[in-house]
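With TSV, C-alpha atoms inside, this is coords-v3.tsv:
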```
chain	number	residue	atom	x	y	z
A	21	GLY	CA	22.60	-23.34	18.30
A	22	TRP	CA	18.94	-23.78	19.24
A	23	LEU	CA	16.54	-24.17	16.33
A	24	GLU	CA	13.43	-22.02	16.78
A	25	GLU	CA	10.28	-22.57	14.77
A	26	THR	CA	8.84	-19.86	12.59
A	27	ASP	CA	6.39	-17.80	14.59
A	28	GLU	CA	2.82	-19.14	14.28
A	29	ALA	CA	1.49	-15.66	13.47
A	30	VAL	CA	3.82	-15.45	10.46
A	31	GLN	CA	2.71	-18.87	9.21
A	32	THR	CA	-0.92	-17.78	9.50
A	33	LEU	CA	-0.15	-14.54	7.65
A	34	ILE	CA	1.50	-16.40	4.77
A	35	ASP	CA	-1.58	-18.63	4.49
A	36	THR	CA	-4.06	-15.74	4.47
A	37	ALA	CA	-2.25	-12.73	2.97
A	38	PRO	CA	-2.96	-12.04	-0.74
A	39	LEU	CA	0.58	-12.90	-1.93
A	40	GLN	CA	1.20	-13.61	-5.60
A	41	ARG	CA	4.02	-15.34	-7.45
A	42	GLY	CA	6.81	-12.93	-8.34
A	43	GLU	CA	6.16	-10.39	-5.60
A	44	GLU	CA	9.20	-9.08	-3.74
A	45	LEU	CA	9.16	-9.40	0.03
A	46	LEU	CA	11.09	-7.72	2.81
A	47	VAL	CA	11.74	-10.47	5.31
A	48	ARG	CA	13.15	-10.32	8.85
A	49	VAL	CA	14.74	-13.62	9.85
A	50	ILE	CA	16.74	-15.14	12.69
A	51	PRO	CA	19.68	-17.19	11.32
A	52	VAL	CA	20.17	-20.45	13.23
A	53	HIS	CA	23.02	-22.94	12.67
A	54	ARG	CA	22.37	-26.57	13.56
A	55	ASP	CA	23.91	-29.86	12.48
A	56	GLY	CA	26.11	-28.12	9.94
A	57	LYS	CA	23.17	-26.37	8.25
A	58	TRP	CA	21.85	-22.82	8.41
A	59	TYR	CA	18.15	-22.17	8.92
A	60	LEU	CA	16.43	-18.81	8.43
A	61	ASN	CA	13.42	-18.52	10.73
A	62	VAL	CA	11.02	-15.85	9.45
A	63	THR	CA	9.66	-13.47	12.10
A	64	SER	CA	7.95	-10.89	9.87
A	65	LEU	CA	7.50	-10.01	6.22
A	66	PHE	CA	6.30	-7.15	4.02
A	67	VAL	CA	5.25	-7.22	0.36
A	68	ARG	CA	7.55	-4.63	-1.19
A	69	ASN	CA	5.98	-4.39	-4.66
A	70	PRO	CA	2.30	-5.38	-4.24
A	71	ASP	CA	-0.39	-4.65	-6.78
A	72	MET	CA	-2.57	-2.56	-4.46
A	73	ASN	CA	-1.95	0.82	-2.85
A	74	ILE	CA	-3.25	1.39	0.68
A	75	GLY	CA	-3.19	4.68	2.55
A	76	LYS	CA	-3.36	5.79	6.15
A	77	SER	CA	-7.15	6.23	6.25
A	78	GLU	CA	-7.75	2.76	4.86
A	79	MET	CA	-5.38	1.23	7.43
A	80	ARG	CA	-7.02	3.18	10.23
A	81	SER	CA	-10.52	2.00	9.22
A	82	ALA	CA	-9.39	-1.63	9.00
A	83	ASN	CA	-7.90	-1.39	12.47
A	84	GLU	CA	-10.88	0.48	13.94
A	85	CYS	CA	-13.51	-2.00	12.72
A	86	PRO	CA	-13.52	-4.46	9.77
A	87	ARG	CA	-17.24	-3.71	9.26
A	88	ILE	CA	-16.52	0.02	8.86
A	89	TYR	CA	-13.80	-0.82	6.35
A	90	ASP	CA	-16.17	-3.04	4.38
A	91	LEU	CA	-18.90	-0.40	4.21
A	92	ARG	CA	-16.59	2.49	3.43
A	93	TYR	CA	-14.14	0.97	0.95
A	94	ARG	CA	-15.81	-2.14	-0.51
A	95	LYS	CA	-19.47	-1.11	-0.48
A	96	ASN	CA	-18.70	2.61	-0.89
A	97	VAL	CA	-21.78	3.35	1.23
A	98	PHE	CA	-23.19	6.85	0.87
A	99	ASN	CA	-22.13	9.27	3.58
A	100	PRO	CA	-23.64	12.77	3.31
A	101	ASN	CA	-20.77	14.21	5.35
A	102	ARG	CA	-18.47	13.41	2.43
A	103	TYR	CA	-20.12	16.16	0.39
A	104	ASP	CA	-20.23	18.84	3.07
A	105	ILE	CA	-17.92	21.84	2.76
A	106	SER	CA	-15.12	21.32	5.29
A	107	LYS	CA	-13.73	24.69	6.34
A	108	GLY	CA	-10.70	23.04	7.87
A	109	ALA	CA	-9.92	21.08	4.71
A	110	VAL	CA	-10.21	24.16	2.46
A	111	LYS	CA	-8.00	26.20	4.82
A	112	GLY	CA	-5.40	23.47	4.89
A	113	ASN	CA	-5.43	22.96	1.11
A	114	ILE	CA	-4.91	26.68	0.49
A	115	ALA	CA	-2.02	26.83	2.98
A	116	HIS	CA	-0.36	23.74	1.47
A	117	ARG	CA	-0.66	25.09	-2.07
A	118	ALA	CA	0.72	28.47	-0.94
A	119	LEU	CA	3.79	26.81	0.59
A	120	GLU	CA	4.35	24.89	-2.65
A	121	ARG	CA	4.10	28.08	-4.73
A	122	ALA	CA	6.36	30.00	-2.35
A	123	ILE	CA	9.16	27.52	-2.92
A	124	ASP	CA	8.66	26.49	-6.56
A	125	ARG	CA	7.99	29.87	-8.17
A	126	SER	CA	11.08	32.04	-8.63
A	127	GLU	CA	9.23	35.34	-8.10
A	128	PHE	CA	8.27	34.19	-4.59
A	129	ALA	CA	11.29	32.00	-3.74
A	130	ALA	CA	13.54	35.09	-3.77
A	131	ASN	CA	11.78	36.25	-0.59
A	132	PHE	CA	13.56	33.50	1.38
A	133	GLU	CA	16.75	35.53	0.88
A	134	SER	CA	15.36	39.04	1.34
A	135	GLY	CA	12.73	38.14	3.95
A	136	TRP	CA	8.96	37.74	3.70
A	137	THR	CA	6.93	40.89	4.36
A	138	ASP	CA	3.20	40.95	5.09
A	139	ASP	CA	2.63	42.34	1.58
A	140	ASP	CA	4.61	39.45	0.05
A	141	VAL	CA	2.47	36.90	1.87
A	142	GLU	CA	-0.76	38.68	0.90
A	143	GLU	CA	0.31	38.74	-2.77
A	144	LEU	CA	1.13	35.01	-2.61
A	145	MET	CA	-2.26	34.16	-1.10
A	146	ASP	CA	-4.15	36.23	-3.70
A	147	VAL	CA	-2.37	34.38	-6.51
A	148	VAL	CA	-3.03	30.95	-4.97
A	149	VAL	CA	-6.73	31.58	-4.29
A	150	ASP	CA	-7.37	33.14	-7.72
A	151	GLU	CA	-5.53	30.38	-9.62
A	152	SER	CA	-6.60	27.29	-7.71
A	153	PHE	CA	-9.48	27.88	-5.30
A	154	SER	CA	-12.08	30.08	-7.02
A	155	MET	CA	-14.55	27.20	-7.24
A	156	GLU	CA	-14.05	26.22	-3.59
A	157	MET	CA	-14.62	29.80	-2.48
A	158	THR	CA	-17.84	29.97	-4.51
A	159	LEU	CA	-19.08	26.73	-2.95
A	160	CYS	CA	-18.28	28.16	0.49
A	161	ARG	CA	-20.45	31.20	-0.21
A	162	LEU	CA	-23.31	28.97	-1.36
A	163	ALA	CA	-22.98	26.96	1.88
A	164	TRP	CA	-23.00	30.14	3.99
A	165	VAL	CA	-19.36	29.65	4.94
A	166	SER	CA	-17.29	32.84	4.93
A	167	PRO	CA	-14.53	32.60	2.29
A	168	ASN	CA	-12.88	35.64	3.86
A	169	ASP	CA	-12.50	33.82	7.18
A	170	ILE	CA	-11.04	30.79	5.41
A	171	LYS	CA	-8.51	32.87	3.49
A	172	GLU	CA	-7.57	34.85	6.61
A	173	PHE	CA	-6.91	31.68	8.63
A	174	ALA	CA	-4.82	30.14	5.83
A	175	GLU	CA	-2.91	33.38	5.40
A	176	ASN	CA	-2.09	33.55	9.12
A	177	SER	CA	-0.71	30.01	9.01
A	178	VAL	CA	1.42	30.73	5.94
A	179	ARG	CA	2.66	34.07	7.30
A	180	ASN	CA	3.70	32.54	10.63
A	181	LEU	CA	5.70	29.88	8.79
A	182	LEU	CA	7.32	32.02	6.06
A	183	GLN	CA	8.33	34.73	8.54
A	184	ASP	CA	9.78	32.21	10.99
A	185	ALA	CA	13.59	32.49	11.04
A	186	ARG	CA	14.06	28.78	11.71
A	187	PHE	CA	12.02	27.74	8.67
A	188	THR	CA	13.54	30.26	6.23
A	189	LYS	CA	17.04	29.25	7.36
A	190	LEU	CA	16.10	25.61	6.77
A	191	VAL	CA	14.96	26.36	3.20
A	192	ARG	CA	17.99	28.52	2.38
A	193	GLY	CA	20.49	25.98	3.70
A	194	THR	CA	19.17	22.90	1.95
A	195	GLU	CA	20.97	21.04	-0.83
A	196	THR	CA	17.92	19.15	-2.15
A	197	LEU	CA	14.37	20.44	-1.81
A	198	GLU	CA	11.17	18.89	-3.19
A	199	THR	CA	7.54	19.92	-2.71
A	200	GLU	CA	4.49	17.60	-2.64
A	201	ARG	CA	6.54	14.39	-2.73
A	202	THR	CA	4.56	11.14	-2.97
A	203	ILE	CA	5.46	7.58	-2.04
A	204	ALA	CA	6.31	5.48	-5.10
A	205	ASP	CA	3.27	3.45	-6.20
A	206	SER	CA	5.36	0.28	-6.42
A	207	TYR	CA	5.55	0.05	-2.62
A	208	GLY	CA	1.80	-0.39	-2.19
A	209	LEU	CA	1.42	2.62	0.13
A	210	ASN	CA	-0.45	5.86	-0.46
A	211	GLY	CA	1.12	8.95	1.04
A	212	ARG	CA	2.27	12.46	0.26
A	213	VAL	CA	4.41	14.86	2.22
A	214	ASP	CA	4.64	18.63	1.80
A	215	LEU	CA	8.43	18.99	1.73
A	216	MET	CA	11.50	16.80	1.40
A	217	ILE	CA	14.57	18.65	2.66
A	218	ASP	CA	17.84	16.76	2.23
A	219	GLY	CA	16.01	13.44	2.46
A	220	SER	CA	13.99	14.41	5.53
A	221	PRO	CA	10.18	14.73	5.14
A	222	LEU	CA	8.41	17.78	6.59
A	223	ASP	CA	4.62	17.88	6.94
A	224	LEU	CA	2.61	21.06	7.46
A	225	LYS	CA	-0.47	20.92	9.73
A	226	THR	CA	-2.65	24.02	9.96
A	227	ASN	CA	-4.70	22.97	13.01
A	228	PHE	CA	-5.58	25.77	15.42
A	229	PHE	CA	-6.05	23.26	18.24
A	230	LEU	CA	-5.44	19.52	18.47
A	231	GLU	CA	-8.26	17.19	19.45
A	232	ASP	CA	-7.64	13.96	21.34
A	233	GLY	CA	-5.72	11.49	19.22
A	234	MET	CA	-5.10	13.93	16.36
A	235	LYS	CA	-1.40	14.32	17.08
A	236	GLN	CA	-1.03	10.53	17.09
A	237	ARG	CA	-2.70	10.37	13.67
A	238	HIS	CA	-0.32	13.04	12.37
A	239	ARG	CA	2.66	11.06	13.66
A	240	PHE	CA	1.39	7.86	12.07
A	241	GLN	CA	0.94	9.62	8.74
A	242	LEU	CA	4.52	10.91	8.77
A	243	ARG	CA	5.91	7.54	9.90
A	244	LEU	CA	4.10	5.93	6.99
A	245	TYR	CA	5.98	8.27	4.69
A	246	LEU	CA	9.25	7.64	6.51
A	247	PHE	CA	8.68	3.94	5.87
A	248	GLY	CA	8.28	4.72	2.16
A	249	VAL	CA	11.59	6.61	2.21
A	250	LEU	CA	13.20	3.63	3.97
A	251	LEU	CA	11.96	1.27	1.24
A	252	GLU	CA	13.40	3.58	-1.42
A	253	ASN	CA	16.79	3.43	0.30
A	254	LEU	CA	16.85	-0.35	0.63
A	255	ASP	CA	18.78	-2.32	-1.95
A	256	GLN	CA	18.91	-6.10	-2.14
A	257	GLY	CA	21.13	-7.41	0.62
A	258	THR	CA	21.00	-4.16	2.61
A	259	SER	CA	20.56	-4.54	6.35
A	260	LEU	CA	17.25	-3.13	7.50
A	261	ASP	CA	18.72	-2.18	10.88
A	262	GLU	CA	21.55	-0.23	9.24
A	263	ALA	CA	19.19	1.55	6.85
A	264	LEU	CA	16.88	2.40	9.76
A	265	ASP	CA	19.78	3.84	11.77
A	266	GLU	CA	20.75	6.06	8.83
A	267	LEU	CA	17.20	7.23	8.10
A	268	PRO	CA	16.78	10.94	8.91
A	269	PRO	CA	13.82	11.90	11.13
A	270	GLY	CA	10.72	13.63	9.88
A	271	VAL	CA	9.27	16.88	11.20
A	272	ILE	CA	5.66	17.98	11.71
A	273	ILE	CA	5.23	21.76	11.64
A	274	TYR	CA	2.27	23.43	13.39
A	275	PRO	CA	2.48	27.13	12.40
A	276	ASN	CA	-0.79	28.34	13.92
A	277	LEU	CA	-1.54	26.49	17.16
A	278	ARG	CA	-3.62	28.23	19.77
A	279	ASP	CA	-1.60	29.66	22.68
A	280	GLU	CA	1.66	29.35	20.69
A	281	SER	CA	3.33	32.53	19.48
A	282	ASP	CA	5.77	30.73	17.15
A	283	PRO	CA	5.49	27.68	14.90
A	284	VAL	CA	5.89	24.36	16.73
A	285	TYR	CA	8.27	21.76	15.27
A	286	GLU	CA	7.83	18.15	16.33
A	287	ARG	CA	10.53	15.63	15.49
A	288	VAL	CA	9.20	12.18	14.45
A	289	GLU	CA	11.41	9.11	14.18
A	290	LEU	CA	10.72	5.70	12.69
A	291	GLU	CA	11.59	2.73	14.88
A	292	TYR	CA	11.32	-0.97	14.25
A	293	HIS	CA	8.09	-1.42	16.22
A	294	HIS	CA	6.49	1.29	14.06
A	295	ILE	CA	7.42	-0.72	10.96
A	296	GLU	CA	5.80	-3.81	12.46
A	297	ASP	CA	2.62	-1.82	13.16
A	298	ILE	CA	2.48	-0.48	9.59
A	299	MET	CA	3.09	-3.94	8.13
A	300	GLN	CA	0.36	-5.45	10.26
A	301	LEU	CA	-2.16	-2.71	9.41
A	302	ARG	CA	-1.44	-2.85	5.69
A	303	ASN	CA	-1.73	-6.62	5.55
A	304	GLN	CA	-4.98	-6.42	7.53
A	305	ALA	CA	-6.46	-3.93	5.06
A	306	ALA	CA	-5.21	-5.93	2.06
A	307	THR	CA	-6.88	-9.07	3.39
A	308	LEU	CA	-10.18	-7.23	3.99
A	309	ARG	CA	-10.23	-5.98	0.39
A	310	ASP	CA	-10.87	-9.50	-0.85
A	311	SER	CA	-12.91	-10.82	2.07
A	312	PHE	CA	-15.70	-13.27	1.25
A	313	ALA	CA	-18.51	-11.83	3.35
A	314	VAL	CA	-19.38	-8.83	5.50
A	315	PRO	CA	-17.23	-8.90	8.70
A	316	THR	CA	-18.81	-9.27	12.14
A	317	THR	CA	-19.25	-6.52	14.72
A	318	TYR	CA	-18.32	-8.86	17.56
A	319	ASP	CA	-16.27	-7.33	20.38
A	320	ARG	CA	-16.58	-3.85	18.87
A	321	ASP	CA	-17.59	-0.57	20.49
A	322	CYS	CA	-20.25	0.78	18.14
A	323	SER	CA	-21.00	3.97	20.09
A	324	GLY	CA	-20.70	7.04	17.89
A	325	CYS	CA	-20.41	5.04	14.66
A	326	TYR	CA	-22.13	6.76	11.74
A	327	PHE	CA	-23.08	3.50	10.03
A	328	LYS	CA	-25.16	2.12	12.91
A	329	ASP	CA	-27.91	4.79	12.61
A	330	GLU	CA	-30.61	5.34	10.01
A	331	ASP	CA	-30.00	7.80	7.17
A	332	THR	CA	-32.43	10.66	6.57
A	333	ILE	CA	-32.66	11.54	2.88
A	334	GLY	CA	-34.72	13.60	0.48
A	335	SER	CA	-35.51	17.27	0.05
A	336	GLY	CA	-38.57	19.40	-0.57
A	337	ALA	CA	-41.75	17.32	-0.65
A	338	GLY	CA	-39.68	14.14	-0.27
A	339	ALA	CA	-37.75	15.29	2.77
A	340	GLY	CA	-37.64	13.20	5.93
A	341	GLN	CA	-37.46	9.76	4.31
A	342	THR	CA	-35.21	7.25	6.00
A	343	LEU	CA	-32.95	4.43	4.90
A	344	PRO	CA	-32.05	1.64	7.34
A	345	SER	CA	-28.69	1.61	9.06
A	346	ALA	CA	-26.07	0.60	6.48
A	347	CYS	CA	-24.36	-1.65	9.03
A	348	LYS	CA	-27.53	-3.53	9.93
A	349	PHE	CA	-28.90	-3.69	6.38
A	350	HIS	CA	-25.79	-5.22	4.82
A	351	CYS	CA	-25.33	-7.54	7.80
A	352	GLN	CA	-28.80	-9.03	7.34
A	353	SER	CA	-28.33	-9.21	3.57
A	354	GLU	CA	-24.92	-10.88	3.48
A	355	ARG	CA	-23.83	-12.44	6.76
A	356	ARG	CA	-23.21	-16.19	6.68
A	357	TRP	CA	-23.89	-16.92	10.35
A	358	ALA	CA	-26.66	-16.70	12.93
A	359	CYS	CA	-26.40	-13.47	14.88
A	360	HIS	CA	-27.68	-15.04	18.13
A	361	GLU	CA	-28.08	-18.32	19.98
A	362	THR	CA	-30.70	-19.55	22.44
A	363	ASN	CA	-29.74	-21.49	25.57
A	364	ASP	CA	-31.79	-24.23	27.32
A	365	GLU	CA	-33.71	-21.61	29.28
A	366	GLY	CA	-34.77	-19.83	26.11
A	367	GLU	CA	-32.52	-16.83	26.73
A	368	VAL	CA	-31.00	-15.11	23.74
A	369	LYS	CA	-27.19	-15.00	23.72
A	370	THR	CA	-25.34	-12.84	21.25
A	371	GLU	CA	-21.94	-11.24	20.76
A	372	CYS	CA	-23.31	-8.49	18.52
A	373	PRO	CA	-23.50	-5.15	20.38
A	374	LEU	CA	-26.31	-3.96	18.07
A	375	TYR	CA	-28.55	-7.02	18.31
A	376	HIS	CA	-31.22	-5.61	20.64
A	377	GLU	CA	-31.64	-2.39	18.64
A	378	CYS	CA	-31.45	-4.03	15.19
A	379	ASP	CA	-34.63	-3.58	13.14
A	380	GLN	CA	-33.29	-5.60	10.21
A	381	ARG	CA	-32.53	-9.01	11.70
A	382	LEU	CA	-36.05	-10.34	11.01
A	383	GLU	CA	-36.26	-8.93	7.48
A	384	TYR	CA	-36.20	-11.40	4.58
A	385	ARG	CA	-33.61	-10.87	1.85
A	386	ASN	CA	-33.72	-12.55	-1.55
A	387	PRO	CA	-30.12	-13.67	-2.19
A	388	SER	CA	-30.46	-13.28	-5.95
A	389	VAL	CA	-31.46	-9.63	-5.54
A	390	THR	CA	-28.52	-9.03	-3.18
A	391	ASP	CA	-26.13	-10.68	-5.64
A	392	HIS	CA	-27.52	-8.57	-8.50
A	393	TYR	CA	-26.85	-5.28	-6.71
A	394	ASN	CA	-23.43	-6.41	-5.53
A	395	GLN	CA	-22.48	-7.18	-9.13
A	396	LEU	CA	-23.90	-3.83	-10.25
A	397	ARG	CA	-21.91	-2.01	-7.55
A	398	SER	CA	-18.69	-3.76	-8.58
A	399	ALA	CA	-19.28	-2.91	-12.22
A	400	LEU	CA	-19.91	0.78	-11.44
A	401	GLN	CA	-16.80	1.01	-9.26
A	402	LYS	CA	-14.68	-0.43	-12.09
A	403	GLU	CA	-16.02	2.29	-14.38
A	404	GLU	CA	-14.82	5.08	-12.05
```
Could you express the structure from this file as structure tokens?
Amino acid sequence: GWLEETDEAVQTLIDTAPLQRGEELLVRVIPVHRDGKWYLNVTSLFVRNPDMNIGKSEMRSANECPRIYDLRYRKNVFNPNRYDISKGAVKGNIAHRALERAIDRSEFAANFESGWTDDDVEELMDVVVDESFSMEMTLCRLAWVSPNDIKEFAENSVRNLLQDARFTKLVRGTETLETERTIADSYGLNGRVDLMIDGSPLDLKTNFFLEDGMKQRHRFQLRLYLFGVLLENLDQGTSLDEALDELPPGVIIYPNLRDESDPVYERVELEYHHIEDIMQLRNQAATLRDSFAVPTTYDRDCSGCYFKDEDTIGSGAGAGQTLPSACKFHCQSERRWACHETNDEGEVKTECPLYHECDQRLEYRNPSVTDHYNQLRSALQKEE
């Protein structure tokens, strides 16, 4: 046979990925026989039991822009939007909790046999809101967000699902049923799915309409969980291809989409190229966690990025104060390279898309002060 060399990208990954002695790897190899000897040429690998858990949002940020990842997950930069009341999030949380209660509590689970009436759904929603979401509803009132509208939307989503013949038949006919199932921590992935029915994950999405790219994000989230299920099913010596062929598909359920009279069920399958994408994204995020310096913005589209603009802070007499752009401030404080060059004609050349609008690039930073606050930030994060 012809002896092929290990792919250069894999060699680079092994050199840069944060692997530690004793970690278990999933490895895809091409067996080659030559001169009476067998060679296993590695084409891809995945750390099966790493010491860090990484979720879908962290992977997405690392892929979108390493600088965004650094500011959001390593610097933990303040973002006022994080503390705003999200009507969509509260609606979704109520609907998810209601589905969990409907299945796990015997007084409600009996309705899957007799049929869910409007009164049954209303009773379920009252119990869920009173037991688990009183504080959220109070915060909504303080933020001038109607708690009644939130509850009504969540109730419509739950009613459409629980009164759907296809869904109730699915619940009644299952042999194994779990709610709020999470990926095992030992696989280094963060993820949770609403239902596991006979080994198949089902995820509830309460969106009324789907913005561009949202359905792709939902599919990625479910495929991430399918990958976790695949890892659970893999024993030493098991063929990945065989396990992948036997893996049941996942299902995304949209019970309340605009212009749809019935819940929409979307089948999601995990294929080998999806596994490669997940492995690449996770390794990318893992490498960024321990990066030496702030990443560059080179070759990035910064339009619409929250971190490139100034922050307005303060209230009352102190309102209207501004902090510099987090992206530009930390770049000037910690980058280890010149952000521009000058050619023989004296023209400025740069690969940074924010260079000409940056108000920080001529500011002086005392490295000892920067190091002090970085150490303080690390210490505070460890205390959390």
Range 221-293 of chain A residues near range 206-217 of chain A within 8 Å, closest pair each, using all atoms listed in the file, as CSV:
```
residue,atom,partner,partner_atom,distance
A:Pro221,CA,A:Met216,CA,4.5
A:Leu222,CA,A:Leu215,CA,5.0
A:Asp223,CA,A:Asp214,CA,5.2
A:Leu224,CA,A:Asp214,CA,6.5
A:Gln241,CA,A:Gly211,CA,7.7
A:Leu242,CA,A:Val213,CA,7.6
A:Leu244,CA,A:Gly211,CA,7.3
A:Tyr245,CA,A:Gly211,CA,6.1
A:Gly248,CA,A:Tyr207,CA,7.2
A:Leu251,CA,A:Tyr207,CA,7.6
```
| said: Can you pull out the residues contacting Ala399 in chain A? Cut-off 12 Å, using all atoms listed in the file, and skip same-chain residues under 6 positions away; I want them as a PyMOL selection string. | reply: chain A and resi 95+392-393
| message | Taking all atoms listed in the file into account, name the residue in A:Ile295, A:Leu264, A:Cys85, A:Leu182 that is nearest to Arg121 in chain A. | response | A:Leu182
| message | So, with only C-alpha atoms as the atoms that count, which of A:His294, A:His116, A:Lys369, A:Arg381 lies closest to Arg239 in chain A? | response |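 That would be A:His294, the residue with the smallest distance to Arg239 in chain A.
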Taking all listed atoms of range 356-362 of chain A, build the axis-aligned box, pad each of the six sides by 3 Å, then write its centre and edge lengths in Å to one decimal as JSON.
```
{"center_x": -27.0, "center_y": -16.5, "center_z": 14.6, "size_x": 13.5, "size_y": 12.1, "size_z": 21.8}
```
| Hey, which of A:Arg243, A:His293, A:Lys189, A:Arg385 ends up closest to Val271 in chain A? Count only C-alpha atoms. | A:Arg243
Skip Arg92 in chain A itself and residues of its chain fewer than 2 positions away, then list as a compact mmCIF listing (two decimals) with C-alpha atoms, in the coordinates of the input all residues within 12 Å of it, counting only C-alpha atoms.
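Printed below is out_3.txt as written:
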```
# COMPACT_ATOMS: atom_id res chain seq x y z
CA SER A 77 -7.15 6.23 6.25
CA GLU A 78 -7.75 2.76 4.86
CA MET A 79 -5.38 1.23 7.43
CA ARG A 80 -7.02 3.18 10.23
CA SER A 81 -10.52 2.00 9.22
CA ALA A 82 -9.39 -1.63 9.00
CA CYS A 85 -13.51 -2.00 12.72
CA PRO A 86 -13.52 -4.46 9.77
CA ARG A 87 -17.24 -3.71 9.26
CA ILE A 88 -16.52 0.02 8.86
CA TYR A 89 -13.80 -0.82 6.35
CA ASP A 90 -16.17 -3.04 4.38
CA ARG A 94 -15.81 -2.14 -0.51
CA LYS A 95 -19.47 -1.11 -0.48
CA ASN A 96 -18.70 2.61 -0.89
CA VAL A 97 -21.78 3.35 1.23
CA PHE A 98 -23.19 6.85 0.87
CA ASN A 99 -22.13 9.27 3.58
CA ARG A 102 -18.47 13.41 2.43
CA LEU A 308 -10.18 -7.23 3.99
CA ARG A 309 -10.23 -5.98 0.39
CA VAL A 314 -19.38 -8.83 5.50
CA TYR A 326 -22.13 6.76 11.74
CA PHE A 327 -23.08 3.50 10.03
CA ALA A 346 -26.07 0.60 6.48
CA CYS A 347 -24.36 -1.65 9.03
```
| message | Using only C-alpha atoms, can you tell me which of A:Asp321, A:Glu361, A:Glu175, A:Glu120 comes closest to Asp146 in chain A? | response |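 Closest to Asp146 in chain A of all the choices is A:Glu175.
With only C-alpha atoms as the atoms that count, the residue of A:Tyr384, A:Tyr59, A:Phe173, A:Tyr93 with the shortest distance to Lys107 in chain A is A:Phe173.
Using all atoms listed in the file, the shortest contact distance between Val147 in chain A and any of A:Val165, A:Cys160, A:Ile114, A:Val389 is found at A:Ile114.
All residues that come within 10 Å of the coordinates (-0.4, 24.6, 0.4), counting only C-alpha atoms, are given as Lys111, Gly112, Asn113, Ile114, Ala115, His116, Arg117, Ala118, Leu119, Glu120, Arg121, Ala122, Met145, Val148, Ala174, Val178, Thr199, Glu200, Asp214, Leu224 and Thr226 of chain A.
Going from CA of Gly233 in chain A to CA of Asp297 in chain A covers 16.8 Å.
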| query | What is the distance, in Å and to one decimal place, between CA of Leu250 in chain A and CA of Ile273 in chain A? | reply | 21.2 Å
| task | Pick out the residues sitting within 12 Å of Cys359 in chain A, and hand them over as a ChimeraX atom specification; count only C-alpha atoms, and ignore anything fewer than 3 positions along from it in its own chain. | result | /A:315-318,348,351-352,354-356,362,368-376,378,380-382
Okay, now the selection with C-alpha atoms, as a CSV table (one decimal), in the frame of the given file?
```csv
chain,number,residue,atom,x,y,z
A,315,PRO,CA,-17.2,-8.9,8.7
A,316,THR,CA,-18.8,-9.3,12.1
A,317,THR,CA,-19.2,-6.5,14.7
A,318,TYR,CA,-18.3,-8.9,17.6
A,348,LYS,CA,-27.5,-3.5,9.9
A,351,CYS,CA,-25.3,-7.5,7.8
A,352,GLN,CA,-28.8,-9.0,7.3
A,354,GLU,CA,-24.9,-10.9,3.5
A,355,ARG,CA,-23.8,-12.4,6.8
A,356,ARG,CA,-23.2,-16.2,6.7
A,362,THR,CA,-30.7,-19.6,22.4
A,368,VAL,CA,-31.0,-15.1,23.7
A,369,LYS,CA,-27.2,-15.0,23.7
A,370,THR,CA,-25.3,-12.8,21.2
A,371,GLU,CA,-21.9,-11.2,20.8
A,372,CYS,CA,-23.3,-8.5,18.5
A,373,PRO,CA,-23.5,-5.2,20.4
A,374,LEU,CA,-26.3,-4.0,18.1
A,375,TYR,CA,-28.6,-7.0,18.3
A,376,HIS,CA,-31.2,-5.6,20.6
A,378,CYS,CA,-31.4,-4.0,15.2
A,380,GLN,CA,-33.3,-5.6,10.2
A,381,ARG,CA,-32.5,-9.0,11.7
A,382,LEU,CA,-36.0,-10.3,11.0
```
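For the atom pair formed by CA of Glu377 in chain A and CA of Gly324 in chain A, the distance is 14.5 Å, given to one decimal.
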